[in-house]
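As stored in input31.txt (compact mmCIF, C-alpha atoms):
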```
# COMPACT_ATOMS: atom_id res chain seq x y z
CA MET B 1 31.34 -37.57 34.15
CA LYS B 2 29.77 -36.03 31.02
CA LYS B 3 31.69 -38.50 28.84
CA LEU B 4 30.55 -41.39 31.05
CA LEU B 5 26.91 -40.34 30.79
CA MET B 6 27.20 -40.07 27.00
CA MET B 7 28.64 -43.58 26.86
CA LEU B 8 25.82 -44.81 29.09
CA SER B 9 23.21 -43.20 26.83
CA THR B 10 24.74 -44.77 23.72
CA ALA B 11 24.88 -48.19 25.32
CA LEU B 12 21.25 -47.85 26.40
CA MET B 13 20.14 -47.05 22.86
CA LEU B 14 22.14 -49.85 21.23
CA GLY B 15 21.04 -52.38 23.79
CA GLY B 16 17.38 -51.59 23.26
CA ILE B 17 17.43 -51.64 19.46
CA ALA B 18 18.79 -55.17 19.51
CA SER B 19 15.62 -56.46 21.20
CA ALA B 20 13.00 -54.07 19.89
CA GLN B 21 11.02 -56.70 17.96
CA LYS B 22 10.24 -59.25 20.66
CA ILE B 23 10.35 -58.43 24.35
CA ALA B 24 10.91 -61.45 26.59
CA PHE B 25 10.00 -61.00 30.25
CA GLU B 26 9.34 -62.83 33.48
CA GLU B 27 6.83 -61.65 36.08
CA TYR B 28 5.95 -62.67 39.61
CA ASN B 29 4.57 -61.26 42.87
CA LEU B 30 6.26 -60.73 46.21
CA ASP B 31 4.34 -61.79 49.31
CA ASN B 32 3.56 -58.13 50.08
CA GLY B 33 1.74 -57.72 46.77
CA MET B 34 4.44 -55.93 44.79
CA HIS B 35 4.52 -57.10 41.19
CA VAL B 36 7.93 -57.69 39.63
CA ILE B 37 8.80 -57.81 35.93
CA LEU B 38 12.26 -58.81 34.65
CA HIS B 39 13.47 -58.25 31.09
CA ASN B 40 16.95 -59.54 30.39
CA ASP B 41 18.99 -57.98 27.58
CA PRO B 42 22.75 -58.60 27.85
CA SER B 43 23.63 -56.72 24.65
CA ALA B 44 24.94 -53.70 26.58
CA PRO B 45 26.21 -53.31 30.16
CA VAL B 46 23.27 -51.20 31.27
CA VAL B 47 20.32 -51.80 33.58
CA VAL B 48 17.11 -49.81 34.11
CA THR B 49 15.38 -50.09 37.47
CA SER B 50 11.93 -48.53 37.79
CA VAL B 51 8.89 -48.45 40.03
CA MET B 52 5.45 -47.35 38.85
CA TYR B 53 2.80 -46.55 41.45
CA HIS B 54 -0.90 -46.68 40.64
CA VAL B 55 -1.52 -43.13 41.84
CA GLY B 56 -2.04 -40.02 39.78
CA SER B 57 -3.95 -36.78 39.89
CA LYS B 58 -7.26 -38.65 39.62
CA ASP B 59 -6.64 -40.05 43.12
CA GLU B 60 -6.75 -36.60 44.71
CA THR B 61 -9.72 -34.77 46.18
CA PRO B 62 -11.16 -31.57 44.67
CA ASP B 63 -9.79 -29.45 47.53
CA ARG B 64 -6.32 -31.01 47.51
CA THR B 65 -5.21 -31.23 43.90
CA GLY B 66 -1.58 -31.59 42.83
CA PHE B 67 -0.57 -34.13 45.48
CA ALA B 68 0.59 -36.91 43.11
CA HIS B 69 2.79 -34.53 41.13
CA PHE B 70 4.04 -33.05 44.41
CA PHE B 71 5.16 -36.51 45.51
CA GLU B 72 7.00 -37.02 42.24
CA HIS B 73 9.29 -34.27 43.55
CA LEU B 74 9.02 -34.89 47.27
CA LEU B 75 10.22 -38.49 47.20
CA PHE B 76 13.62 -37.36 45.95
CA GLU B 77 14.13 -35.32 49.14
CA GLY B 78 15.74 -38.16 51.03
CA THR B 79 15.14 -41.18 53.24
CA GLU B 80 16.21 -42.39 56.65
CA ASN B 81 19.42 -43.71 55.06
CA ILE B 82 19.90 -41.23 52.20
CA LYS B 83 20.54 -37.76 53.50
CA ARG B 84 18.63 -34.81 52.13
CA GLY B 85 20.24 -33.59 48.90
CA GLU B 86 22.25 -36.78 48.40
CA TRP B 87 19.95 -38.73 46.06
CA PHE B 88 21.15 -37.23 42.78
CA LYS B 89 24.77 -37.15 43.98
CA ILE B 90 24.70 -40.90 44.62
CA VAL B 91 23.21 -41.58 41.18
CA THR B 92 25.60 -39.42 39.18
CA SER B 93 28.69 -40.45 41.13
CA ASN B 94 27.92 -44.05 40.21
CA GLY B 95 27.55 -43.33 36.50
CA GLY B 96 23.76 -43.20 36.44
CA VAL B 97 20.84 -41.00 35.48
CA ASN B 98 17.36 -40.89 36.95
CA ASN B 99 14.03 -39.13 36.69
CA ALA B 100 10.31 -39.36 37.41
CA ASN B 101 7.01 -38.29 35.88
CA THR B 102 3.34 -38.13 36.83
CA SER B 103 0.11 -38.47 34.87
CA ASP B 104 -3.57 -38.54 35.69
CA ASP B 105 -3.28 -42.26 36.39
CA ARG B 106 0.20 -43.17 37.69
CA THR B 107 3.58 -41.99 38.98
CA TYR B 108 6.83 -43.40 37.62
CA TYR B 109 10.40 -43.35 38.98
CA TYR B 110 13.47 -44.84 37.30
CA GLU B 111 17.27 -45.09 37.37
CA VAL B 112 19.62 -46.07 34.56
CA PHE B 113 22.96 -47.45 35.78
CA PRO B 114 25.91 -49.46 34.51
CA SER B 115 24.97 -53.09 35.19
CA ASN B 116 27.28 -53.44 38.17
CA ASN B 117 25.11 -50.97 40.10
CA LEU B 118 21.83 -52.89 39.99
CA GLU B 119 21.95 -53.61 43.71
CA LEU B 120 22.43 -49.91 44.43
CA ALA B 121 19.40 -49.01 42.31
CA LEU B 122 17.21 -51.60 44.03
CA TRP B 123 18.30 -50.40 47.45
CA MET B 124 17.55 -46.77 46.55
CA GLU B 125 14.05 -47.55 45.26
CA SER B 126 13.32 -49.68 48.32
CA GLU B 127 14.46 -46.77 50.50
CA ARG B 128 12.08 -44.43 48.66
CA LEU B 129 9.26 -46.87 49.35
CA MET B 130 10.10 -47.95 52.91
CA HIS B 131 11.88 -45.02 54.55
CA PRO B 132 10.88 -41.71 52.95
CA VAL B 133 11.44 -38.63 55.08
CA ILE B 134 8.42 -36.36 54.74
CA ASN B 135 9.02 -33.30 56.85
CA LYS B 136 8.36 -29.58 56.77
CA ILE B 137 11.64 -28.55 55.17
CA GLY B 138 11.12 -30.98 52.29
CA VAL B 139 7.50 -29.95 51.75
CA ASP B 140 8.34 -26.24 51.85
CA THR B 141 11.26 -26.70 49.44
CA GLN B 142 9.26 -28.63 46.86
CA ASN B 143 6.34 -26.23 47.20
CA GLY B 144 8.63 -23.50 45.93
CA VAL B 145 10.00 -25.71 43.14
CA ILE B 146 6.52 -26.58 41.91
CA LYS B 147 5.33 -22.98 41.99
CA GLU B 148 8.25 -22.04 39.74
CA GLU B 149 7.43 -24.99 37.45
CA LYS B 150 3.83 -23.83 37.17
CA ARG B 151 4.92 -20.29 36.31
CA SER B 152 7.39 -21.37 33.65
CA ARG B 153 5.50 -24.28 32.06
CA TYR B 154 1.90 -23.13 32.37
CA ASP B 155 1.26 -19.55 33.41
CA ASN B 156 4.00 -17.87 31.34
CA GLN B 157 4.20 -20.34 28.47
CA PRO B 158 2.32 -19.52 25.24
CA TYR B 159 -0.68 -21.86 24.99
CA GLY B 160 0.49 -23.38 28.29
CA ASN B 161 -2.99 -23.79 29.76
CA ILE B 162 -4.65 -25.53 26.84
CA ILE B 163 -5.01 -28.95 28.46
CA GLY B 164 -6.28 -27.45 31.70
CA ALA B 165 -8.85 -25.32 29.88
CA VAL B 166 -10.06 -28.32 27.88
CA LYS B 167 -10.24 -30.74 30.83
CA GLU B 168 -12.22 -28.31 32.95
CA LYS B 169 -14.98 -28.25 30.33
CA MET B 170 -14.87 -31.91 29.29
CA PHE B 171 -15.26 -33.47 32.74
CA LYS B 172 -17.84 -32.58 35.36
CA ASN B 173 -17.57 -35.49 37.83
CA HIS B 174 -14.27 -37.19 37.13
CA PRO B 175 -11.00 -35.94 38.70
CA TYR B 176 -9.63 -35.68 35.16
CA ARG B 177 -11.17 -32.22 35.28
CA TRP B 178 -8.03 -30.80 36.90
CA THR B 179 -4.41 -30.84 35.76
CA THR B 180 -1.65 -32.94 37.27
CA ILE B 181 0.17 -29.90 38.61
CA GLY B 182 -2.98 -28.97 40.51
CA SER B 183 -3.70 -25.86 42.54
CA MET B 184 -0.99 -23.95 44.36
CA GLU B 185 -3.59 -22.78 46.86
CA HIS B 186 -4.41 -26.40 47.70
CA LEU B 187 -0.75 -27.26 48.24
CA ASP B 188 -0.29 -24.17 50.42
CA ALA B 189 -3.28 -25.11 52.56
CA ALA B 190 -2.28 -28.77 53.05
CA THR B 191 -0.83 -29.83 56.38
CA LEU B 192 2.24 -32.01 56.84
CA GLU B 193 -0.04 -34.73 58.20
CA GLU B 194 -2.04 -34.72 54.96
CA PHE B 195 1.10 -35.31 52.91
CA GLN B 196 2.16 -38.10 55.23
CA ALA B 197 -1.28 -39.72 54.98
CA PHE B 198 -1.19 -39.55 51.16
CA ASN B 199 2.17 -41.31 51.18
CA LYS B 200 0.99 -44.00 53.57
CA LYS B 201 -2.10 -44.70 51.45
CA PHE B 202 -0.66 -44.87 47.94
CA TYR B 203 3.10 -45.51 48.06
CA ILE B 204 2.87 -49.12 49.16
CA PRO B 205 4.19 -52.33 47.57
CA ASN B 206 0.75 -53.68 46.66
CA ASN B 207 0.07 -50.51 44.65
CA ALA B 208 3.26 -50.75 42.60
CA VAL B 209 5.15 -52.64 39.93
CA LEU B 210 8.94 -53.00 39.94
CA VAL B 211 10.70 -53.46 36.58
CA VAL B 212 14.32 -54.43 36.00
CA ALA B 213 15.42 -54.32 32.35
CA GLY B 214 18.87 -54.80 30.86
CA ASP B 215 22.06 -56.72 31.55
CA PHE B 216 21.77 -58.65 34.83
CA GLU B 217 21.82 -62.15 36.22
CA ASN B 218 18.27 -63.27 37.02
CA GLY B 219 19.06 -65.24 40.13
CA LYS B 220 21.06 -62.43 41.69
CA ALA B 221 18.41 -59.85 40.76
CA LYS B 222 15.69 -61.93 42.42
CA GLU B 223 17.84 -62.34 45.52
CA TRP B 224 18.36 -58.58 45.81
CA ILE B 225 14.71 -57.83 45.09
CA GLN B 226 13.67 -60.12 47.92
CA LYS B 227 16.33 -58.66 50.18
CA TYR B 228 15.35 -55.03 49.71
CA PHE B 229 11.61 -55.20 48.91
CA GLY B 230 10.42 -58.47 50.40
CA SER B 231 10.33 -57.24 53.99
CA ILE B 232 8.35 -54.07 53.24
CA GLN B 233 4.94 -54.30 54.85
CA ARG B 234 1.90 -54.60 52.64
CA GLY B 235 -0.34 -51.55 52.75
CA LYS B 236 -4.09 -51.42 53.12
CA ASP B 237 -5.91 -52.39 49.94
CA ILE B 238 -6.95 -49.34 47.94
CA LYS B 239 -10.50 -49.20 46.70
CA LYS B 240 -10.59 -46.94 43.66
CA GLN B 241 -13.66 -44.74 43.37
CA ILE B 242 -15.48 -44.98 40.06
CA PHE B 243 -16.51 -41.69 38.45
CA VAL B 244 -19.04 -41.71 35.64
CA GLU B 245 -19.50 -38.92 33.13
CA GLU B 246 -22.78 -38.45 31.32
CA PRO B 247 -22.40 -38.52 27.53
CA ILE B 248 -21.99 -35.16 25.83
CA THR B 249 -25.11 -34.72 23.71
CA GLN B 250 -24.99 -30.99 23.01
CA MET B 251 -22.03 -28.99 21.78
CA ILE B 252 -20.16 -27.10 24.50
CA LYS B 253 -18.80 -23.69 23.52
CA ALA B 254 -16.25 -21.89 25.63
CA THR B 255 -13.54 -19.23 25.48
CA TYR B 256 -10.22 -19.06 27.30
CA GLU B 257 -8.01 -15.96 27.36
CA ASP B 258 -4.21 -16.34 27.42
CA HIS B 259 -2.07 -13.25 28.01
CA ASN B 260 0.97 -15.01 26.49
CA ILE B 261 -0.33 -15.32 22.93
CA GLN B 262 -1.18 -13.07 20.00
CA ILE B 263 -2.53 -15.68 17.56
CA PRO B 264 -5.83 -17.35 18.48
CA MET B 265 -6.28 -21.11 18.46
CA VAL B 266 -9.46 -23.12 18.06
CA LEU B 267 -9.86 -26.57 19.55
CA ALA B 268 -12.49 -29.23 18.91
CA THR B 269 -12.39 -31.90 21.62
CA TYR B 270 -14.35 -35.14 21.87
CA ARG B 271 -14.57 -37.36 24.95
CA THR B 272 -13.46 -40.90 24.13
CA PRO B 273 -13.39 -44.24 25.96
CA SER B 274 -10.62 -45.73 28.07
CA MET B 275 -7.29 -46.23 26.33
CA LYS B 276 -7.70 -49.95 27.07
CA THR B 277 -10.60 -50.27 24.64
CA ARG B 278 -10.49 -51.25 21.00
CA ASP B 279 -12.33 -48.06 20.03
CA ALA B 280 -9.53 -45.97 21.55
CA ARG B 281 -7.03 -47.69 19.27
CA VAL B 282 -9.26 -47.07 16.26
CA LEU B 283 -9.36 -43.39 17.19
CA ASP B 284 -5.55 -43.40 17.25
CA LEU B 285 -5.63 -44.53 13.62
CA ILE B 286 -8.14 -41.80 12.77
CA SER B 287 -5.96 -39.18 14.43
CA SER B 288 -2.95 -40.29 12.40
CA TYR B 289 -4.99 -40.33 9.20
CA LEU B 290 -6.22 -36.79 9.74
CA SER B 291 -3.15 -35.00 10.98
CA ASP B 292 0.01 -37.09 11.26
CA GLY B 293 2.58 -35.15 9.30
CA LYS B 294 2.53 -32.87 6.31
CA SER B 295 1.01 -35.56 4.08
CA SER B 296 -2.07 -35.93 6.30
CA LYS B 297 -5.52 -34.97 5.06
CA LEU B 298 -5.96 -31.90 7.24
CA TYR B 299 -2.48 -30.49 6.77
CA LYS B 300 -2.49 -30.89 2.98
CA LYS B 301 -5.93 -29.33 2.63
CA ILE B 302 -5.98 -26.56 5.23
CA VAL B 303 -2.32 -25.54 5.49
CA ASP B 304 -0.76 -26.42 2.11
CA GLU B 305 -3.57 -26.02 -0.41
CA LYS B 306 -6.00 -23.49 1.05
CA LYS B 307 -3.47 -21.71 3.29
CA MET B 308 -6.13 -21.15 5.93
CA ALA B 309 -4.02 -22.04 8.95
CA LEU B 310 -0.50 -21.76 10.25
CA GLN B 311 -0.91 -25.16 11.86
CA ILE B 312 -3.48 -27.91 12.12
CA ASP B 313 -3.14 -31.03 14.21
CA ALA B 314 -4.95 -33.70 16.21
CA PHE B 315 -3.96 -36.09 18.96
CA GLY B 316 -5.42 -38.54 21.40
CA PHE B 317 -5.08 -37.78 25.11
CA SER B 318 -5.01 -41.35 26.42
CA GLN B 319 -6.19 -42.04 29.96
CA GLU B 320 -7.15 -45.06 32.01
CA ASP B 321 -10.83 -44.22 32.53
CA TYR B 322 -11.72 -41.81 29.73
CA GLY B 323 -9.75 -40.17 26.97
CA MET B 324 -9.97 -37.09 24.80
CA TYR B 325 -9.51 -36.62 21.07
CA ILE B 326 -8.26 -33.08 20.49
CA LEU B 327 -8.16 -31.26 17.14
CA TYR B 328 -6.62 -27.80 17.05
CA GLY B 329 -5.69 -25.15 14.53
CA LEU B 330 -4.22 -21.64 14.25
CA PRO B 331 -6.22 -19.57 11.73
CA MET B 332 -4.20 -17.47 9.29
CA GLY B 333 -5.00 -14.12 7.70
CA THR B 334 -8.69 -13.33 7.40
CA HIS B 335 -9.74 -16.92 8.07
CA THR B 336 -11.66 -17.56 11.28
CA SER B 337 -11.94 -20.37 13.77
CA GLU B 338 -15.33 -21.20 12.27
CA ASP B 339 -13.71 -21.57 8.85
CA LEU B 340 -11.24 -24.11 10.19
CA ILE B 341 -13.87 -26.12 12.03
CA LYS B 342 -15.95 -26.26 8.82
CA GLU B 343 -13.01 -27.70 6.88
CA VAL B 344 -12.23 -30.20 9.64
CA ASP B 345 -15.86 -31.33 9.79
CA GLU B 346 -15.86 -31.98 6.05
CA GLU B 347 -12.96 -34.39 6.42
CA ILE B 348 -14.57 -36.13 9.39
CA VAL B 349 -17.81 -36.59 7.44
CA LYS B 350 -15.81 -38.23 4.65
CA ILE B 351 -14.43 -40.76 7.14
CA GLN B 352 -17.91 -41.34 8.54
CA THR B 353 -19.55 -41.94 5.16
CA LYS B 354 -16.84 -43.54 3.01
CA LEU B 355 -14.15 -46.11 3.53
CA ILE B 356 -10.66 -44.68 3.51
CA SER B 357 -8.64 -45.84 0.51
CA GLU B 358 -6.59 -49.03 0.58
CA LYS B 359 -3.50 -46.90 0.00
CA ASP B 360 -4.23 -44.70 3.01
CA TYR B 361 -5.07 -47.77 5.08
CA GLN B 362 -1.71 -49.36 4.25
CA LYS B 363 0.06 -46.09 5.06
CA LEU B 364 -1.55 -46.19 8.51
CA GLN B 365 -0.38 -49.76 9.04
CA ASN B 366 3.17 -48.82 8.10
CA THR B 367 3.08 -45.77 10.37
CA PHE B 368 1.98 -47.78 13.37
CA ASP B 369 4.47 -50.56 12.63
CA ASN B 370 7.23 -47.97 12.83
CA ARG B 371 5.79 -46.49 16.03
CA PHE B 372 5.58 -49.92 17.61
CA VAL B 373 9.23 -50.66 16.89
CA ASN B 374 10.36 -47.20 18.04
CA LYS B 375 8.28 -47.46 21.20
CA ASN B 376 10.45 -50.37 22.30
CA GLY B 377 13.61 -48.98 20.73
CA ASN B 378 15.59 -48.59 23.96
CA LEU B 379 15.72 -50.12 27.40
CA GLU B 380 14.27 -47.07 29.09
CA GLY B 381 11.19 -47.26 26.87
CA ILE B 382 10.86 -51.00 27.34
CA ALA B 383 10.95 -50.67 31.13
CA GLU B 384 8.23 -48.02 31.17
CA ASN B 385 6.07 -49.94 28.68
CA LEU B 386 6.29 -53.14 30.72
CA ALA B 387 5.18 -51.24 33.82
CA THR B 388 2.39 -49.43 31.97
CA TYR B 389 0.93 -52.50 30.30
CA TYR B 390 0.81 -54.29 33.65
CA LEU B 391 -0.46 -51.48 35.85
CA LEU B 392 -2.89 -49.68 33.54
CA TYR B 393 -3.83 -52.28 30.93
CA GLY B 394 -3.63 -55.46 33.01
CA ASP B 395 -1.72 -57.37 30.32
CA VAL B 396 2.07 -57.16 30.14
CA ASN B 397 2.21 -59.10 26.88
CA LEU B 398 0.59 -56.19 25.06
CA ILE B 399 4.17 -54.97 24.73
CA ASN B 400 4.42 -57.66 22.03
CA SER B 401 0.86 -58.15 20.86
CA GLU B 402 -0.70 -54.69 20.67
CA ILE B 403 0.45 -54.29 17.08
CA GLU B 404 -1.68 -57.32 16.18
CA LEU B 405 -4.72 -55.51 17.59
CA LEU B 406 -3.95 -52.48 15.44
CA HIS B 407 -3.51 -54.64 12.35
CA SER B 408 -6.89 -56.27 12.97
CA ILE B 409 -8.73 -52.94 12.77
CA THR B 410 -10.60 -52.70 9.48
CA ARG B 411 -11.52 -49.77 7.29
CA GLU B 412 -15.14 -50.44 8.19
CA GLU B 413 -14.33 -50.06 11.88
CA ILE B 414 -12.62 -46.75 11.22
CA ARG B 415 -15.80 -45.51 9.57
CA GLU B 416 -18.07 -46.79 12.36
CA VAL B 417 -15.95 -45.43 15.22
CA ALA B 418 -15.80 -42.02 13.55
CA LYS B 419 -19.60 -42.07 13.33
CA LYS B 420 -19.85 -43.11 16.97
CA TYR B 421 -17.61 -40.49 18.59
CA LEU B 422 -16.84 -37.60 16.24
CA ASN B 423 -20.13 -35.74 15.89
CA PRO B 424 -20.71 -32.00 16.37
CA ASN B 425 -23.12 -32.51 19.27
CA GLN B 426 -20.53 -34.57 21.19
CA ARG B 427 -17.74 -32.03 21.46
CA LEU B 428 -16.29 -28.94 23.03
CA ILE B 429 -15.40 -26.01 20.78
CA LEU B 430 -12.88 -23.90 22.66
CA ASP B 431 -11.69 -20.55 21.36
CA TYR B 432 -8.27 -20.07 22.95
CA VAL B 433 -7.63 -16.38 22.37
CA PRO B 434 -5.26 -13.57 23.33
CA SER B 435 -6.43 -11.76 26.44
CA LYS B 436 -7.43 -8.14 26.11
CA THR B 437 -4.39 -7.25 28.18
CA ALA B 438 -1.95 -9.38 26.15
CA SER B 439 1.39 -7.83 25.34
CA GLN B 440 1.62 -6.24 21.93
CA ASN B 441 5.40 -6.62 21.73
```
Could you express the structure from this file as structure tokens?
Amino acid sequence: MKKLLMMLSTALMLGGIASAQKIAFEEYNLDNGMHVILHNDPSAPVVVTSVMYHVGSKDETPDRTGFAHFFEHLLFEGTENIKRGEWFKIVTSNGGVNNANTSDDRTYYYEVFPSNNLELALWMESERLMHPVINKIGVDTQNGVIKEEKRSRYDNQPYGNIIGAVKEKMFKNHPYRWTTIGSMEHLDAATLEEFQAFNKKFYIPNNAVLVVAGDFENGKAKEWIQKYFGSIQRGKDIKKQIFVEEPITQMIKATYEDHNIQIPMVLATYRTPSMKTRDARVLDLISSYLSDGKSSKLYKKIVDEKKMALQIDAFGFSQEDYGMYILYGLPMGTHTSEDLIKEVDEEIVKIQTKLISEKDYQKLQNTFDNRFVNKNGNLEGIAENLATYYLLYGDVNLINSEIELLHSITREEIREVAKKYLNPNQRLILDYVPSKTASQN
């Protein structure tokens, strides 16, 4: 089995690379509102079948957080026709792999099979959608699994609560203010009926996109899709609540204590617009310019030359409604968090007042060209990108055209967007420090 999975992985990679430059696809809707996207690539005998649901942690209520992530786990428990504990056995015994993940905005499930098992994959995903078994034993089992995940990935992991600490301060009204894993107390307090109601509301065909990518015959795939998904009843239309955050006009200062660390970290975080906007893409370029790799401005200056920090970095936290631009550093020696922020601010002011050089601009273009190709470098990535561009961006063809948007961004835009979003009065400064009871080992 291990050898078979390795062969499957290799075939997946080779098949994707062959079509990384231009992604051809077909899309259509079933009568029940489910959107379908087909991407045919016969270069390797592999097929990816995935379903993305437009439900994430932002669709929860403040007293019942963690539901979307809970369902990422719960919907592997079994269905009316797949016995409890059999899901992964069926996948592996047929030469496949599968997984799922959850974000603030969506939940994603997928299987990778040899091509001759496409019908099996479609049946399994239709079972997850139409006949999930949501009972007490499944809820109690996954409750324990998620508690262990929270302990290992958040509570006992060095710097494991950074995103949660930042989000809590950056959002006052929007559900982005809590993490996807949510509150264990909320999950403990939830009734079985609440879980069943959450499933009935969000895991419906008209709140989902089905993607099939790889080596398959289109006519047969459409026949099976209609057979297994076409009869599923359309759910009630979901009206998404709109949450508006007031602009940050005065610097927020906060401290978070982590008992797992001994070296403090400082974070400067700015709230940014939806990842669908042009400004968000400009901020991606700025992030790369400042901190992408050891040749970036911040790393060369603060780590290499001045040796003020063990690490300095920045990244965009892309989300459907709002985003965050997060800069962070680990001070070294006698240098303080304030020292690092001062150095970072100097580099931001340079971007705000001067055009970056043509050489640096071309380097950014090359970097994002490489990212664009790598992003679609395998079938698994292509399937997820097709689903994401449809469900969250509303334009599947961005899988081919987004690079053109990035190339159209000018040096002048980089300067103006930096001036618009990256000012001291628009940010959170978070000192993420060792707790007074932290281990000294």
Counting only C-alpha atoms, find the residues whose atoms lie at most 10 Å from (21.5, -43.7, 34.5) (file coordinates) and write them out as a list in words.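 Answer for this query, in the requested form: Leu4, Leu5, Leu8, Ser9, Leu12, Val46, Val47, Val48, Thr49, Val91, Thr92, Asn94, Gly95, Gly96, Val97, Asn98, Asn99, Tyr110, Glu111, Val112, Phe113, Pro114, Asn117, Ala121 and Glu380 of chain B.
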At what distance in Å, to one decimal, does atom CA of Gly78 of chain B lie from atom CA of Ile146 of chain B?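 Interatomic distance, atom CA of Ile146 of chain B to atom CA of Gly78 of chain B: 17.4 Å.
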Nearest to Leu210 of chain B by atom-to-atom distance, counting all atoms listed in the file, from B:Asn40, B:Gln233, B:Thr179, B:Ser126: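 Under the stated criterion, the closest residue is B:Ser126.
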Have a look at atom CA of Thr191 of chain B and atom CA of Ile163 of chain B and let me know their distance in Å, one decimal.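 We find that atom CA of Thr191 of chain B and atom CA of Ile163 of chain B lie 28.2 Å from each other.
As for atom CA of Thr65 of chain B and atom CA of Gln426 of chain B, they are spaced 27.6 Å apart.
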Would you pick out the contacts of Lys227 of chain B at 10 Å or less, using all atoms listed in the file, so that residues sharing its chain but fewer than 5 positions from it are not included, and give the list as a tab-separated table (two decimals) with C-alpha atoms, keeping the file's coordinate frame?
```
chain	number	residue	atom	x	y	z
B	119	GLU	CA	21.95	-53.61	43.71
B	122	LEU	CA	17.21	-51.60	44.03
B	123	TRP	CA	18.30	-50.40	47.45
B	126	SER	CA	13.32	-49.68	48.32
B	221	ALA	CA	18.41	-59.85	40.76
B	222	LYS	CA	15.69	-61.93	42.42
B	232	ILE	CA	8.35	-54.07	53.24
```
Considering only C-alpha atoms, state which residue in the set B:Val55, B:Met324, B:Val212, B:Met251 is at the smallest distance from Ala68 of chain B.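 Closest candidate: B:Val55.
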Need to verify the contact set: Asn423 of chain B, 12 Å, all atoms listed in the file, exclusion of same-chain residues closer than 4 positions in sequence. Can you return it as a CSV table (one decimal) with C-alpha atoms, in the frame of the given file?
```
chain,number,residue,atom,x,y,z
B,248,ILE,CA,-22.0,-35.2,25.8
B,249,THR,CA,-25.1,-34.7,23.7
B,250,GLN,CA,-25.0,-31.0,23.0
B,251,MET,CA,-22.0,-29.0,21.8
B,268,ALA,CA,-12.5,-29.2,18.9
B,269,THR,CA,-12.4,-31.9,21.6
B,270,TYR,CA,-14.4,-35.1,21.9
B,271,ARG,CA,-14.6,-37.4,25.0
B,272,THR,CA,-13.5,-40.9,24.1
B,325,TYR,CA,-9.5,-36.6,21.1
B,344,VAL,CA,-12.2,-30.2,9.6
B,345,ASP,CA,-15.9,-31.3,9.8
B,346,GLU,CA,-15.9,-32.0,6.0
B,347,GLU,CA,-13.0,-34.4,6.4
B,348,ILE,CA,-14.6,-36.1,9.4
B,349,VAL,CA,-17.8,-36.6,7.4
B,351,ILE,CA,-14.4,-40.8,7.1
B,352,GLN,CA,-17.9,-41.3,8.5
B,416,GLU,CA,-18.1,-46.8,12.4
B,417,VAL,CA,-16.0,-45.4,15.2
B,418,ALA,CA,-15.8,-42.0,13.6
B,419,LYS,CA,-19.6,-42.1,13.3
B,427,ARG,CA,-17.7,-32.0,21.5
B,428,LEU,CA,-16.3,-28.9,23.0
B,429,ILE,CA,-15.4,-26.0,20.8
```
Contacts of Val266 of chain B at 10 Å (only C-alpha atoms; same-chain gap of 3+ positions) as a PyMOL selection string: chain B and resi 255+269+312+327-331+336-338+340-341+429-433
Can you tell me, as JSON, numbers by chain, what residues are no more than 10 Å from segment 393-397 of chain B when counting only C-alpha atoms, ignoring any on the same chain fewer than 3 positions away? {"B": [23, 24, 25, 26, 27, 37, 274, 275, 276, 277, 320, 385, 386, 387, 388, 389, 390, 400, 401, 402]}
Please provide the set of residues having any atom within 6 Å of His69 of chain B, restricted to all atoms listed in the file, with same-chain residues fewer than 3 positions apart removed, written as a PyMOL selection string. chain B and resi 66+72+102+181
Which of these residues is nearest to Asn206 of chain B, using all atoms listed in the file: B:Tyr159, B:Tyr154, B:Phe317, B:Tyr53? B:Tyr53
Name the closest residue to His174 of chain B among the candidates B:Leu129, B:Pro62, B:Phe76, B:Phe71; distances are taken between atoms, counting all atoms listed in the file.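 Under the stated criterion, the closest residue is B:Pro62.
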